[in-house]
$ cat protein_30.txt   # compact mmCIF, C-alpha atoms
# COMPACT_ATOMS: atom_id res chain seq x y z
CA MET A 1 -21.19 12.42 -0.16
CA ALA A 2 -37.57 13.07 -0.61
CA GLU A 3 -35.96 15.80 1.79
CA PRO A 4 -33.31 18.22 0.48
CA SER A 5 -30.06 16.28 0.85
CA VAL A 6 -27.81 19.20 1.72
CA ILE A 7 -29.91 19.99 4.77
CA LYS A 8 -31.26 16.72 6.10
CA SER A 9 -28.91 13.95 5.01
CA GLY A 10 -25.61 13.09 6.65
CA LEU A 11 -22.33 11.45 5.74
CA ARG A 12 -23.47 8.14 7.16
CA ALA A 13 -26.64 8.16 5.12
CA HIS A 14 -24.62 7.89 1.92
CA LEU A 15 -22.43 5.01 3.04
CA PRO A 16 -24.58 2.80 5.28
CA VAL A 17 -21.68 0.46 6.00
CA PHE A 18 -20.23 3.22 8.18
CA GLN A 19 -23.36 3.76 10.26
CA PRO A 20 -22.90 3.19 14.00
CA ARG A 21 -25.56 1.58 16.14
CA ARG A 22 -26.69 4.98 17.39
CA PRO A 23 -26.81 7.06 14.18
CA ARG A 24 -26.68 10.85 14.26
CA ARG A 25 -26.94 13.41 11.51
CA PHE A 26 -23.67 14.64 10.08
CA ARG A 27 -25.17 17.64 8.31
CA TRP A 28 -23.74 19.55 5.38
CA PHE A 29 -25.15 23.05 5.10
CA THR A 30 -25.26 25.15 1.97
CA LEU A 31 -21.99 26.77 0.95
CA ALA A 32 -23.06 30.39 1.34
CA ALA A 33 -24.68 30.04 4.74
CA GLY A 34 -21.95 27.77 6.06
CA LEU A 35 -19.12 30.05 5.00
CA ALA A 36 -20.54 32.93 7.00
CA CYS A 37 -20.77 30.74 10.09
CA ALA A 38 -17.20 29.49 9.79
CA LEU A 39 -15.60 32.90 9.46
CA PHE A 40 -17.58 34.57 12.24
CA PRO A 41 -15.36 34.54 15.36
CA VAL A 42 -16.69 32.92 18.49
CA ALA A 43 -16.15 34.63 21.81
CA ALA A 44 -13.36 33.21 23.94
CA SER A 45 -14.49 30.78 26.58
CA ALA A 46 -12.92 28.75 29.33
CA GLU A 47 -14.90 25.66 28.33
CA THR A 48 -13.20 22.90 26.39
CA VAL A 49 -14.08 21.86 22.84
CA LEU A 50 -16.06 18.88 24.10
CA GLU A 51 -17.82 20.89 26.81
CA LYS A 52 -18.92 23.41 24.19
CA ALA A 53 -20.00 20.60 21.86
CA LEU A 54 -22.13 19.07 24.60
CA ARG A 55 -23.66 22.45 25.42
CA THR A 56 -24.46 23.36 21.81
CA GLY A 57 -25.07 19.86 20.44
CA GLU A 58 -22.71 20.33 17.52
CA LEU A 59 -19.07 20.53 16.49
CA VAL A 60 -18.01 22.54 13.42
CA MET A 61 -15.65 21.01 10.85
CA VAL A 62 -14.32 23.15 7.99
CA GLY A 63 -12.83 22.19 4.63
CA SER A 64 -12.47 23.24 1.01
CA PRO A 65 -15.13 21.67 -1.24
CA ASP A 66 -12.97 21.92 -4.39
CA SER A 67 -9.92 19.95 -3.31
CA PRO A 68 -10.00 16.33 -4.50
CA PRO A 69 -9.04 13.81 -3.27
CA LEU A 70 -9.73 15.40 0.14
CA VAL A 71 -13.12 16.98 -0.49
CA SER A 72 -15.18 17.51 -3.62
CA LEU A 73 -18.84 17.46 -4.58
CA ASP A 74 -20.34 14.54 -6.48
CA ALA A 75 -22.95 14.74 -9.23
CA LYS A 76 -25.68 15.17 -6.63
CA GLY A 77 -23.86 17.96 -4.83
CA GLN A 78 -22.87 15.71 -1.95
CA PRO A 79 -19.37 16.02 -0.44
CA VAL A 80 -17.03 13.07 -0.95
CA GLY A 81 -13.32 12.48 -0.40
CA TYR A 82 -10.64 11.21 1.93
CA ALA A 83 -11.07 14.06 4.44
CA VAL A 84 -14.81 13.36 4.45
CA GLU A 85 -14.12 9.71 5.30
CA VAL A 86 -11.74 10.69 8.10
CA GLY A 87 -14.37 13.12 9.38
CA ARG A 88 -16.93 10.33 9.35
CA ARG A 89 -14.67 8.14 11.50
CA ILE A 90 -14.17 11.00 13.94
CA ASP A 91 -17.93 11.55 13.98
CA GLN A 92 -18.51 7.90 14.88
CA GLU A 93 -15.86 7.95 17.62
CA LEU A 94 -17.32 11.16 19.01
CA SER A 95 -20.74 9.53 19.07
CA SER A 96 -19.34 6.54 20.93
CA GLN A 97 -17.55 8.67 23.51
CA LEU A 98 -20.37 11.19 24.09
CA GLY A 99 -23.39 8.94 23.72
CA GLY A 100 -24.65 10.47 20.50
CA LYS A 101 -25.27 13.89 22.01
CA VAL A 102 -23.19 15.87 19.48
CA GLN A 103 -23.40 16.15 15.70
CA ILE A 104 -20.69 17.44 13.37
CA ARG A 105 -21.66 20.33 11.10
CA PHE A 106 -19.49 20.94 8.06
CA VAL A 107 -18.78 24.47 6.85
CA PRO A 108 -16.92 25.14 3.58
CA VAL A 109 -13.98 27.54 3.35
CA PRO A 110 -11.78 28.28 0.31
CA ASN A 111 -8.33 27.05 1.36
CA ALA A 112 -6.06 25.63 4.05
CA ALA A 113 -5.17 29.06 5.44
CA ALA A 114 -8.87 29.73 6.05
CA MET A 115 -9.19 26.34 7.78
CA VAL A 116 -6.36 27.21 10.14
CA GLN A 117 -7.81 30.65 10.84
CA ALA A 118 -11.26 29.24 11.60
CA VAL A 119 -9.89 26.62 14.01
CA ALA A 120 -7.39 28.98 15.65
CA THR A 121 -9.98 31.70 16.30
CA GLY A 122 -12.70 29.40 17.62
CA GLY A 123 -14.96 29.48 14.57
CA ALA A 124 -14.44 25.74 14.06
CA ALA A 125 -13.16 22.78 16.04
CA LEU A 126 -11.86 20.52 13.28
CA ALA A 127 -10.36 20.47 9.79
CA CYS A 128 -8.79 17.48 8.03
CA GLY A 129 -6.26 17.36 5.21
CA VAL A 130 -4.26 20.39 6.38
CA PRO A 131 -0.55 20.49 5.40
CA PHE A 132 1.72 20.65 8.42
CA SER A 133 3.95 23.64 9.16
CA TRP A 134 5.61 24.81 12.34
CA GLU A 135 3.98 28.22 11.93
CA ARG A 136 0.54 26.61 11.95
CA GLU A 137 1.51 24.36 14.84
CA MET A 138 1.98 27.53 16.89
CA VAL A 139 -1.75 28.35 16.66
CA VAL A 140 -3.47 24.94 16.28
CA ASP A 141 -2.71 21.35 17.30
CA TYR A 142 -2.20 18.59 14.72
CA SER A 143 -3.40 15.02 14.82
CA ILE A 144 -1.31 12.06 13.75
CA PRO A 145 -0.79 12.25 9.96
CA ILE A 146 -3.41 10.97 7.55
CA GLY A 147 -1.05 11.27 4.57
CA LEU A 148 1.98 12.85 2.93
CA SER A 149 2.23 15.50 0.25
CA GLY A 150 4.63 18.11 -1.12
CA LEU A 151 5.09 21.16 -3.32
CA ARG A 152 5.18 20.72 -7.10
CA VAL A 153 4.19 22.63 -10.23
CA LEU A 154 1.34 21.67 -12.53
CA THR A 155 2.08 22.93 -16.03
CA GLY A 156 1.35 22.36 -19.67
CA SER A 157 4.46 24.24 -20.79
CA THR A 158 7.42 22.21 -22.02
CA ALA A 159 9.63 25.14 -21.02
CA ILE A 160 8.92 24.47 -17.32
CA ASP A 161 10.84 21.37 -16.30
CA GLY A 162 10.59 21.79 -12.55
CA SER A 163 13.95 23.45 -12.08
CA ALA A 164 13.96 26.80 -10.33
CA ALA A 165 15.56 28.38 -13.40
CA SER A 166 12.67 27.30 -15.64
CA LEU A 167 10.23 29.33 -13.49
CA ALA A 168 11.98 32.66 -14.13
CA GLY A 169 9.75 35.08 -15.99
CA ARG A 170 6.84 32.61 -16.00
CA ARG A 171 3.35 33.35 -14.68
CA ILE A 172 3.15 31.03 -11.69
CA ALA A 173 -0.12 30.77 -9.77
CA THR A 174 -0.24 30.14 -6.03
CA VAL A 175 -2.98 30.09 -3.39
CA GLN A 176 -3.22 32.90 -0.86
CA GLY A 177 -1.61 31.96 2.45
CA SER A 178 -0.39 28.59 1.14
CA LYS A 179 2.97 26.87 1.43
CA GLY A 180 3.39 27.40 -2.31
CA ALA A 181 2.91 31.15 -1.99
CA ASP A 182 5.50 31.27 0.77
CA ALA A 183 7.98 29.15 -1.20
CA LEU A 184 7.82 30.84 -4.61
CA ALA A 185 9.71 34.01 -3.66
CA THR A 186 12.57 31.92 -2.30
CA LEU A 187 12.48 29.29 -5.03
CA GLN A 188 12.49 31.76 -7.92
CA PRO A 189 12.26 35.52 -7.16
CA ALA A 190 12.10 36.25 -10.90
CA ALA A 191 8.86 34.29 -11.35
CA ARG A 192 5.72 36.35 -12.03
CA ALA A 193 3.53 35.38 -9.08
CA VAL A 194 -0.24 35.36 -9.58
CA SER A 195 -2.38 34.85 -6.47
CA PHE A 196 -5.72 33.01 -6.25
CA GLU A 197 -8.13 32.30 -3.42
CA SER A 198 -8.21 28.54 -4.04
CA LEU A 199 -6.27 25.81 -5.80
CA ASP A 200 -9.34 25.12 -7.92
CA ALA A 201 -9.33 28.72 -9.19
CA ALA A 202 -5.60 28.55 -9.91
CA VAL A 203 -5.97 25.34 -11.93
CA SER A 204 -8.89 26.90 -13.82
CA ALA A 205 -6.60 29.78 -14.78
CA LEU A 206 -3.99 27.29 -15.98
CA LYS A 207 -6.53 25.47 -18.11
CA GLN A 208 -7.62 28.79 -19.62
CA GLY A 209 -4.02 29.74 -20.44
CA LYS A 210 -3.95 32.67 -18.04
CA VAL A 211 -0.92 31.31 -16.16
CA ASP A 212 1.98 29.06 -17.13
CA GLY A 213 1.96 26.87 -14.07
CA VAL A 214 0.50 26.35 -10.59
CA LEU A 215 2.81 25.86 -7.61
CA GLY A 216 0.97 24.09 -4.83
CA ASP A 217 0.11 20.95 -2.92
CA SER A 218 0.96 18.01 -5.17
CA ASN A 219 -1.93 15.83 -3.97
CA GLY A 220 -4.43 18.60 -4.60
CA LEU A 221 -2.93 19.32 -8.02
CA ALA A 222 -2.98 15.64 -8.96
CA GLY A 223 -6.60 15.36 -7.86
CA LEU A 224 -7.74 18.36 -9.88
CA ARG A 225 -5.72 17.23 -12.90
CA LYS A 226 -7.47 13.85 -12.89
CA THR A 227 -11.00 15.09 -12.20
CA ARG A 228 -10.64 17.67 -14.99
CA ALA A 229 -9.00 15.21 -17.41
CA MET A 230 -6.04 17.53 -17.98
CA THR A 231 -2.86 16.54 -19.79
CA ALA A 232 -0.70 18.94 -17.77
CA ARG A 233 2.41 17.53 -16.06
CA LEU A 234 3.48 17.63 -12.42
CA VAL A 235 7.10 18.66 -12.06
CA PRO A 236 9.69 18.07 -10.70
CA SER A 237 9.62 14.30 -10.17
CA GLU A 238 10.47 14.85 -6.49
CA PRO A 239 8.69 17.67 -4.62
CA TYR A 240 10.54 20.88 -3.76
CA ALA A 241 9.47 20.18 -0.17
CA SER A 242 7.59 17.31 1.47
CA TYR A 243 5.32 17.46 4.52
CA GLY A 244 2.74 15.55 6.48
CA VAL A 245 -1.00 16.15 6.19
CA GLY A 246 -3.31 15.81 9.17
CA CYS A 247 -6.36 17.08 11.02
CA ILE A 248 -6.18 20.20 13.16
CA VAL A 249 -8.02 21.11 16.38
CA PRO A 250 -7.86 24.14 18.67
CA GLN A 251 -4.80 24.34 20.90
CA ASN A 252 -4.93 22.78 24.35
CA SER A 253 -7.93 20.57 23.56
CA SER A 254 -6.32 17.26 24.40
CA ASP A 255 -9.61 15.56 25.25
CA PHE A 256 -10.92 16.14 21.74
CA LEU A 257 -7.54 15.51 20.08
CA ASN A 258 -7.42 12.10 21.74
CA ILE A 259 -10.74 11.20 20.11
CA VAL A 260 -9.51 12.44 16.73
CA ASN A 261 -6.28 10.45 16.98
CA LEU A 262 -8.09 7.31 18.09
CA ALA A 263 -10.50 7.53 15.15
CA ILE A 264 -7.63 7.99 12.67
CA ALA A 265 -5.63 5.16 14.21
CA LYS A 266 -8.59 2.79 14.05
CA GLN A 267 -9.15 3.64 10.38
CA GLN A 268 -5.51 2.99 9.54
CA VAL A 269 -5.41 -0.25 11.56
CA GLY A 270 -8.55 -1.35 9.73
CA TYR A 271 -6.82 -0.74 6.41
CA LEU A 272 -3.81 -2.79 7.51
CA GLU A 273 -6.19 -5.59 8.52
CA GLY A 274 -7.83 -5.44 5.12
CA ARG A 275 -11.26 -4.69 6.54
CA PRO A 276 -13.65 -3.74 3.73
CA ASP A 277 -15.10 -0.64 5.42
CA ALA A 278 -11.64 0.83 6.10
CA VAL A 279 -10.33 -0.03 2.63
CA ALA A 280 -13.43 1.51 1.04
CA SER A 281 -12.87 4.71 3.03
CA ILE A 282 -9.34 5.16 1.63
CA ASP A 283 -8.68 3.40 -1.68
CA PRO A 284 -11.18 5.31 -3.87
CA TRP A 285 -9.32 8.52 -3.03
CA VAL A 286 -5.65 7.64 -2.65
CA GLY A 287 -5.42 3.93 -3.62
CA PRO A 288 -4.14 2.30 -6.82
CA ASN A 289 -7.43 2.78 -8.69
CA GLY A 290 -8.32 6.03 -6.94
CA VAL A 291 -7.70 9.69 -7.56
CA LEU A 292 -4.00 9.61 -6.57
CA GLY A 293 -3.23 6.06 -7.69
CA ILE A 294 -0.84 5.22 -4.83
CA PRO A 295 0.02 1.49 -4.63
CA SER A 296 -1.56 -0.29 -1.68
CA ASP A 297 1.80 -1.47 -0.34
CA GLN A 298 2.96 2.15 -0.08
CA ILE A 299 -0.19 3.10 1.79
CA ARG A 300 0.28 0.18 4.19
CA ALA A 301 3.95 1.08 4.72
CA PHE A 302 2.96 4.65 5.60
CA PHE A 303 0.25 3.55 8.02
CA GLN A 304 2.59 1.03 9.68
CA ALA A 305 5.27 3.68 10.17
CA ASN A 306 2.63 6.12 11.35
CA LEU A 307 1.27 3.79 14.02
CA ILE A 308 4.50 2.28 15.30
CA ASN A 309 5.09 5.14 17.75
CA LEU A 310 1.62 4.84 19.26
CA GLU A 311 0.30 2.55 21.94
CA PRO A 312 0.11 -0.92 20.35
CA LEU A 313 -3.13 -1.52 18.46
CA LEU A 314 -2.99 -5.22 17.70
CA LEU A 315 -4.11 -6.27 14.25
CA GLY A 316 -7.03 -8.66 14.29
CA PRO A 317 -7.56 -11.49 11.85
CA ALA A 318 -8.29 -10.56 8.27
CA PRO A 319 -11.94 -10.91 7.21
CA ALA A 320 -12.93 -14.36 5.96
CA GLY A 321 -11.82 -14.96 2.40
CA ARG A 322 -9.41 -12.03 2.41
CA PRO A 323 -5.68 -12.59 2.96
CA ALA A 324 -3.89 -10.52 5.55
CA PRO A 325 -1.71 -7.75 4.00
$ encode --input "protein_30.txt" --output "structure tokens"
Amino acid sequence: MAEPSVIKSGLRAHLPVFQPRRPRRFRWFTLAAGLACALFPVAASAETVLEKALRTGELVMVGSPDSPPLVSLDAKGQPVGYAVEVGRRIDQELSSQLGGKVQIRFVPVPNAAAMVQAVATGGAALACGVPFSWEREMVVDYSIPIGLSGLRVLTGSTAIDGSAASLAGRRIATVQGSKGADALATLQPAARAVSFESLDAAVSALKQGKVDGVLGDSNGLAGLRKTRAMTARLVPSEPYASYGVGCIVPQNSSDFLNIVNLAIAKQQVGYLEGRPDAVASIDPWVGPNGVLGIPSDQIRAFFQANLINLEPLLLGPAPAGRPAP
């Protein structure tokens, strides 16, 4: 989501309503150059994430650019999506806390496993939209959830009904290092597993008839199905497994994690209050008329349950002319 936009423009430049009083650049570098930066390990240091950010003037965020509704590129090559909007809120909170001395630099990586690796090894400080697992929790720290997802199969074959038996002998695509790849061998050992670097590549193979189905994150599959106008079905009706989705930061970086959590909480409270900026940062991606098409009352119920265990953040009055949810 003049000068070359991928170098000079920032997230806030594309949605002025989100600009803070002390704007900073939230730069998006080119894919090739950024990928090299993300995967190049950074030497271990005793300094905290925020200390390093203040010293270098930047904080690296990684994500997959082909994973709607979290991140995708628009017609102008600008990144858009729910994870982008969450990142923008974190960027604004970081600016508020540090006086505008740090800018977030986004670096693309192919999948969630690469996000975890980059954050765990010090190549990045932040990634949003990462499915939770206890194995990942051992090497990174998770924020409060920004959503829910699960494992399902995208298929155009009427022979695949979502049951484990229907996967036997079928060419089932998964993403390297993903929850789907881990689950397939247990779910149906007789399936013919085909591995891809990204969910986008796996769905491309499905569209080309090279595989019979794709087992993966249901939100990502639904997003790619809609953006590609595919008629394939998501099965079964209930996911094989459900899990939370959140942002990840390096372990033992509580000062930065607090900022991340506060930014997410404020965004979700804003949605519950019906504030236009918060609603506009969420509904186009997951709302009733967005990529996922989730009813607003379900989104509100999730945010309310999500926030109830946190320090009370009192809802303010709804904006004039807009009823409170």
$ closest_residue --input "protein_30.txt" --among "A:Asn261, A:Thr48, A:Ser163, A:Asn309" --to "Ser237 (chain A)" --atoms "all atoms listed in the file"
A:Ser163
$ atom_distance --input "protein_30.txt" --atom1 "CA of Glu58 (chain A)" --atom2 "CA of Val107 (chain A)"
12.1 Å
$ residues_around --input "protein_30.txt" --residues "Ile248 (chain A)" --least-positions-apart "2" --cutoff "9 Å" --atoms "only C-alpha atoms" --output "PDB file with C-alpha atoms, in the frame of the given file"
ATOM      1  CA  MET A 115      -9.190  26.340   7.780  1.00  0.00           C
ATOM      2  CA  VAL A 116      -6.360  27.210  10.140  1.00  0.00           C
ATOM      3  CA  VAL A 119      -9.890  26.620  14.010  1.00  0.00           C
ATOM      4  CA  ALA A 125     -13.160  22.780  16.040  1.00  0.00           C
ATOM      5  CA  LEU A 126     -11.860  20.520  13.280  1.00  0.00           C
ATOM      6  CA  ALA A 127     -10.360  20.470   9.790  1.00  0.00           C
ATOM      7  CA  CYS A 128      -8.790  17.480   8.030  1.00  0.00           C
ATOM      8  CA  GLY A 129      -6.260  17.360   5.210  1.00  0.00           C
ATOM      9  CA  VAL A 130      -4.260  20.390   6.380  1.00  0.00           C
ATOM     10  CA  GLU A 137       1.510  24.360  14.840  1.00  0.00           C
ATOM     11  CA  VAL A 140      -3.470  24.940  16.280  1.00  0.00           C
ATOM     12  CA  ASP A 141      -2.710  21.350  17.300  1.00  0.00           C
ATOM     13  CA  TYR A 142      -2.200  18.590  14.720  1.00  0.00           C
ATOM     14  CA  SER A 143      -3.400  15.020  14.820  1.00  0.00           C
ATOM     15  CA  GLY A 246      -3.310  15.810   9.170  1.00  0.00           C
ATOM     16  CA  PRO A 250      -7.860  24.140  18.670  1.00  0.00           C
ATOM     17  CA  GLN A 251      -4.800  24.340  20.900  1.00  0.00           C
ATOM     18  CA  LEU A 257      -7.540  15.510  20.080  1.00  0.00           C
TER      19      LEU A 257
END
$ residues_near_point --input "protein_30.txt" --point "(-7.9, 30.5, 12.0)" --cutoff "10 Å" --atoms "only C-alpha atoms" --output "ChimeraX atom specification"
/A:38-39,41,112-124,136,139-140,250
$ residues_near_point --input "protein_30.txt" --point "(-8.0, 12.8, -1.5)" --cutoff "9 Å" --atoms "all atoms listed in the file" --output "PyMOL selection string"
chain A and resi 67-72+81-83+129+219-220+223+282+284-286+290-292
$ closest_residue --input "protein_30.txt" --among "A:Leu215, A:Ala191, A:Leu94, A:Ala301" --to "Ala173 (chain A)" --atoms "all atoms listed in the file"
A:Leu215
$ atom_distance --input "protein_30.txt" --atom1 "CA of Arg171 (chain A)" --atom2 "CA of Thr186 (chain A)"
15.5 Å
$ atom_distance --input "protein_30.txt" --atom1 "CA of Gly99 (chain A)" --atom2 "CA of Leu307 (chain A)"
27.0 Å
$ closest_atom_pairs --input "protein_30.txt" --of "region 96-203 of chain A" --to "region 51-56 of chain A" --cutoff "9 Å" --atoms "all atoms listed in the file" --output "Markdown table"
| residue | atom | partner | partner_atom | distance |
| --- | --- | --- | --- | --- |
| A:Leu98 | CA | A:Leu54 | CA | 8.1 |
| A:Lys101 | CA | A:Leu54 | CA | 6.6 |
| A:Val102 | CA | A:Leu54 | CA | 6.1 |
| A:Gln103 | CA | A:Ala53 | CA | 8.3 |
$ residues_around --input "protein_30.txt" --residues "Gly180 (chain A)" --least-positions-apart "3" --cutoff "6 Å" --atoms "all atoms listed in the file" --output "VMD selection string"
chain A and resid 174 183 215 to 216
$ residues_around --input "protein_30.txt" --residues "region 157-162 of chain A" --least-positions-apart "4" --cutoff "6 Å" --atoms "only C-alpha atoms" --output "short mmCIF file (atom, residue, chain, number, x, y, z; two decimals) with C-alpha atoms, in the coordinates of the input"
data_model
loop_
_atom_site.label_atom_id
_atom_site.label_comp_id
_atom_site.auth_asym_id
_atom_site.auth_seq_id
_atom_site.Cartn_x
_atom_site.Cartn_y
_atom_site.Cartn_z
CA SER A 166 12.67 27.30 -15.64
CA VAL A 235 7.10 18.66 -12.06
CA PRO A 236 9.69 18.07 -10.70
#
$ residues_around --input "protein_30.txt" --residues "Leu154 (chain A)" --least-positions-apart "5" --cutoff "9 Å" --atoms "only C-alpha atoms" --output "number ranges by chain"
A: 203, 206, 212-216, 218, 221-222, 225, 232-235
$ write_last_selection --input "protein_30.txt" --atoms "C-alpha atoms" --output "PDB file, in the coordinates of the input"
ATOM      1  CA  VAL A 203      -5.970  25.340 -11.930  1.00  0.00           C
ATOM      2  CA  LEU A 206      -3.990  27.290 -15.980  1.00  0.00           C
ATOM      3  CA  ASP A 212       1.980  29.060 -17.130  1.00  0.00           C
ATOM      4  CA  GLY A 213       1.960  26.870 -14.070  1.00  0.00           C
ATOM      5  CA  VAL A 214       0.500  26.350 -10.590  1.00  0.00           C
ATOM      6  CA  LEU A 215       2.810  25.860  -7.610  1.00  0.00           C
ATOM      7  CA  GLY A 216       0.970  24.090  -4.830  1.00  0.00           C
ATOM      8  CA  SER A 218       0.960  18.010  -5.170  1.00  0.00           C
ATOM      9  CA  LEU A 221      -2.930  19.320  -8.020  1.00  0.00           C
ATOM     10  CA  ALA A 222      -2.980  15.640  -8.960  1.00  0.00           C
ATOM     11  CA  ARG A 225      -5.720  17.230 -12.900  1.00  0.00           C
ATOM     12  CA  ALA A 232      -0.700  18.940 -17.770  1.00  0.00           C
ATOM     13  CA  ARG A 233       2.410  17.530 -16.060  1.00  0.00           C
ATOM     14  CA  LEU A 234       3.480  17.630 -12.420  1.00  0.00           C
ATOM     15  CA  VAL A 235       7.100  18.660 -12.060  1.00  0.00           C
TER      16      VAL A 235
END
$ residues_around --input "protein_30.txt" --residues "region 238-241 of chain A" --least-positions-apart "4" --cutoff "9 Å" --atoms "all atoms listed in the file" --output "list in words"
Ser149, Gly150, Leu151, Arg152, Val153, Gly162, Leu187 and Ser218 of chain A
$ closest_residue --input "protein_30.txt" --among "A:Ser95, A:Gln304, A:Ser253, A:Asn289" --to "Ala46 (chain A)" --atoms "all atoms listed in the file"
A:Ser253
$ axis_aligned_box --input "protein_30.txt" --around "region 93-107 of chain A" --padding-each-side "8 Å" --output "lines of an AutoDock Vina configuration file"
center_x = -20.6
center_y = 15.5
center_z = 15.5
size_x = 25.4
size_y = 33.9
size_z = 33.2
$ decode --input "protein_30.txt" --residues "region 43-74 of chain A" --atoms "C-alpha atoms" --output "CSV table (one decimal), in the first residue's frame"
chain,number,residue,atom,x,y,z
A,43,ALA,CA,25.5,-10.9,15.2
A,44,ALA,CA,24.3,-11.6,18.7
A,45,SER,CA,24.2,-8.5,20.9
A,46,ALA,CA,23.3,-7.8,24.5
A,47,GLU,CA,21.3,-4.7,23.5
A,48,THR,CA,17.5,-4.9,23.4
A,49,VAL,CA,15.4,-4.6,20.3
A,50,LEU,CA,14.6,-1.0,21.1
A,51,GLU,CA,18.2,-0.1,21.9
A,52,LYS,CA,19.3,-1.5,18.6
A,53,ALA,CA,16.5,0.3,16.8
A,54,LEU,CA,17.5,3.6,18.4
A,55,ARG,CA,21.2,3.0,17.5
A,56,THR,CA,20.4,2.1,13.8
A,57,GLY,CA,17.3,4.2,13.3
A,58,GLU,CA,15.3,1.3,11.9
A,59,LEU,CA,13.4,-1.8,12.8
A,60,VAL,CA,13.0,-4.6,10.3
A,61,MET,CA,9.6,-6.2,9.8
A,62,VAL,CA,9.3,-9.3,7.5
A,63,GLY,CA,6.3,-10.8,5.7
A,64,SER,CA,5.2,-12.7,2.6
A,65,PRO,CA,4.0,-10.4,-0.2
A,66,ASP,CA,1.7,-13.0,-1.8
A,67,SER,CA,-0.5,-13.9,1.2
A,68,PRO,CA,-3.8,-12.0,1.0
A,69,PRO,CA,-5.6,-10.9,3.2
A,70,LEU,CA,-2.4,-10.3,5.2
A,71,VAL,CA,-0.1,-8.9,2.6
A,72,SER,CA,-0.3,-8.5,-1.1
A,73,LEU,CA,0.7,-6.0,-3.7
A,74,ASP,CA,-1.8,-3.7,-5.3
